[in-house]
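To start, the structure itself, in structure tokens.
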Amino acid sequence: YENEENAFYFRGTVRSGQTLEFPGNIVILGDVNPGAYVIASGDIIVMGRLHGVVHAGAEGEERATVIGAHFQPSQLRIAQYIGRSPDELPRSRPKQPQTEKAYIKDGVIVIEPIL
């Protein structure tokens with residue numbers, strides 16, 4: 001899609017009350033704390049704890065993905081879809097946090113581990 005080449009790299013922690021927004025892909029080398037917002041028109045990749053609100057494909061791009069280690073966003077949005085909270089997801093949470101990927105499949109947000 002349009003913004004495939006466009007990426008913003010952020011090194012550090014996105015803290016509660018902060019918003020990180022970019023018209024393309026966002027790669028965060030750090031954590032996203034609860035109360036923080038990350039909004040991208042493309043993909044969002046978090047190489048740390050993902051606990052805040054993330055909205056990938058914010059301009060309607062349904063092929064956008066969200067990838068995060070320690071994947072527990074307080075809200076997950078891709079394009080116009082809003083994911084359910086981790087408590088409602090019908091899957092067993094591993095004891096050890098693992099990197100997971102979220103994407104749209106058949107009109108719903110699917111979250112699955114990345115090996």
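Chains: A, B, ... in order of the structure tokens. Residues: from 1 per chain. Ligands: from 1, in order shown.
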
Polymer residues at most 10 Å from segment 68-83 of chain A, only C-alpha atoms, same-chain spacing of 4 or more positions, as a PyMOL selection string:
chain A and resi 27-28+30-37+39-64+87-89+96-104+107-111+113-114

Among segment 44-114 of chain A, which ones does DSSP assign to strand (DSSP E) (computed from the backbone)? Answer as a ChimeraX atom specification.
/A:44-50,53-56,66-71,75-78,81-82,100-105,108-113

Using atom CA of Thr65 of chain A and atom CA of Val14 of chain A as the two end points, give the distance in Å to one decimal.
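Computing the Euclidean distance for atom CA of Thr65 of chain A and atom CA of Val14 of chain A yields 19.0 Å.
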
Write down as a PyMOL selection string the residues belonging to chain A that are assigned helix (DSSP H, G or I) by DSSP computed on the backbone.
chain A and resi 2-5+86-88

For Phe8 of chain A, list every protein, DNA or RNA residue within 10 Å, evaluated using only C-alpha atoms, and leave out those in the same chain fewer than 2 positions away; present the list as number ranges by chain.
A: 6, 10-11, 20-28, 40, 44

Keeping all heavy atoms for every residue in the selection just given, could you write it to a file as a tab-separated table (two decimals), in the first residue's frame?
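For reference, result07.tsv as written:
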chain	number	residue	atom	x	y	z
A	6	ASN	N	7.48	4.33	4.01
A	6	ASN	CA	7.51	5.42	4.96
A	6	ASN	C	7.46	4.89	6.39
A	6	ASN	O	6.44	4.36	6.80
A	6	ASN	CB	6.28	6.29	4.70
A	6	ASN	CG	6.59	7.75	4.72
A	6	ASN	OD1	7.72	8.14	4.90
A	6	ASN	ND2	5.57	8.55	4.53
A	10	PHE	N	11.02	5.25	16.60
A	10	PHE	CA	11.02	5.94	17.88
A	10	PHE	C	11.77	5.09	18.88
A	10	PHE	O	11.43	3.92	19.08
A	10	PHE	CB	9.58	6.18	18.35
A	10	PHE	CG	9.48	6.88	19.67
A	10	PHE	CD1	9.55	8.27	19.74
A	10	PHE	CD2	9.33	6.17	20.85
A	10	PHE	CE1	9.46	8.93	20.96
A	10	PHE	CE2	9.23	6.82	22.07
A	10	PHE	CZ	9.30	8.20	22.13
A	11	ARG	N	12.80	5.67	19.49
A	11	ARG	CA	13.60	4.93	20.46
A	11	ARG	C	13.27	5.47	21.85
A	11	ARG	O	13.50	6.64	22.11
A	11	ARG	CB	15.08	5.15	20.16
A	11	ARG	CG	16.00	4.15	20.78
A	11	ARG	CD	17.43	4.40	20.32
A	11	ARG	NE	17.50	4.49	18.86
A	11	ARG	CZ	18.10	3.60	18.08
A	11	ARG	NH1	18.70	2.57	18.61
A	11	ARG	NH2	18.11	3.74	16.78
A	20	LEU	N	1.82	9.27	19.84
A	20	LEU	CA	2.79	9.18	18.74
A	20	LEU	C	1.97	8.90	17.49
A	20	LEU	O	1.28	7.89	17.41
A	20	LEU	CB	3.75	8.03	19.03
A	20	LEU	CG	5.03	7.93	18.22
A	20	LEU	CD1	5.88	9.18	18.39
A	20	LEU	CD2	5.81	6.71	18.67
A	21	GLU	N	2.00	9.84	16.53
A	21	GLU	CA	1.18	9.70	15.33
A	21	GLU	C	2.05	9.95	14.11
A	21	GLU	O	2.87	10.86	14.11
A	21	GLU	CB	0.03	10.72	15.39
A	21	GLU	CG	-1.02	10.49	14.34
A	21	GLU	CD	-2.30	11.28	14.62
A	21	GLU	OE1	-2.37	12.00	15.64
A	21	GLU	OE2	-3.21	11.18	13.79
A	22	PHE	N	1.87	9.10	13.06
A	22	PHE	CA	2.69	9.23	11.85
A	22	PHE	C	1.92	8.71	10.65
A	22	PHE	O	1.26	7.69	10.72
A	22	PHE	CB	3.99	8.43	12.03
A	22	PHE	CG	4.96	8.61	10.90
A	22	PHE	CD1	5.64	9.80	10.72
A	22	PHE	CD2	5.18	7.57	10.01
A	22	PHE	CE1	6.53	9.96	9.68
A	22	PHE	CE2	6.07	7.72	8.96
A	22	PHE	CZ	6.75	8.93	8.79
A	23	PRO	N	2.01	9.42	9.51
A	23	PRO	CA	1.34	8.96	8.27
A	23	PRO	C	2.19	7.93	7.54
A	23	PRO	O	2.77	8.21	6.50
A	23	PRO	CB	1.20	10.25	7.46
A	23	PRO	CG	2.38	11.07	7.87
A	23	PRO	CD	2.61	10.74	9.33
A	24	GLY	N	2.29	6.75	8.09
A	24	GLY	CA	3.10	5.67	7.54
A	24	GLY	C	3.20	4.59	8.60
A	24	GLY	O	2.29	4.42	9.41
A	25	ASN	N	4.32	3.88	8.61
A	25	ASN	CA	4.55	2.82	9.60
A	25	ASN	C	5.30	3.39	10.80
A	25	ASN	O	6.11	4.31	10.64
A	25	ASN	CB	5.38	1.69	8.98
A	25	ASN	CG	4.72	1.14	7.74
A	25	ASN	OD1	3.55	0.80	7.75
A	25	ASN	ND2	5.47	1.05	6.65
A	26	ILE	N	5.04	2.83	11.98
A	26	ILE	CA	5.77	3.24	13.19
A	26	ILE	C	6.46	2.02	13.77
A	26	ILE	O	5.83	0.97	13.96
A	26	ILE	CB	4.82	3.86	14.25
A	26	ILE	CG1	4.21	5.16	13.72
A	26	ILE	CG2	5.58	4.12	15.55
A	26	ILE	CD1	3.23	5.81	14.68
A	27	VAL	N	7.76	2.16	14.07
A	27	VAL	CA	8.53	1.12	14.76
A	27	VAL	C	9.01	1.74	16.07
A	27	VAL	O	9.68	2.77	16.06
A	27	VAL	CB	9.73	0.65	13.91
A	27	VAL	CG1	10.54	-0.39	14.67
A	27	VAL	CG2	9.26	0.10	12.57
A	28	ILE	N	8.65	1.11	17.17
A	28	ILE	CA	9.02	1.63	18.48
A	28	ILE	C	10.03	0.67	19.11
A	28	ILE	O	9.73	-0.50	19.32
A	28	ILE	CB	7.79	1.78	19.39
A	28	ILE	CG1	6.83	2.82	18.76
A	28	ILE	CG2	8.19	2.19	20.81
A	28	ILE	CD1	5.48	2.89	19.42
A	40	ALA	N	-1.02	5.15	13.46
A	40	ALA	CA	-0.28	5.11	12.20
A	40	ALA	C	-1.23	4.79	11.06
A	40	ALA	O	-2.18	4.04	11.24
A	40	ALA	CB	0.83	4.07	12.25
A	44	ILE	N	2.18	-0.94	12.84
A	44	ILE	CA	2.81	-0.54	14.09
A	44	ILE	C	3.56	-1.75	14.64
A	44	ILE	O	2.98	-2.83	14.79
A	44	ILE	CB	1.77	-0.06	15.13
A	44	ILE	CG1	1.04	1.20	14.62
A	44	ILE	CG2	2.44	0.20	16.48
A	44	ILE	CD1	-0.12	1.63	15.48
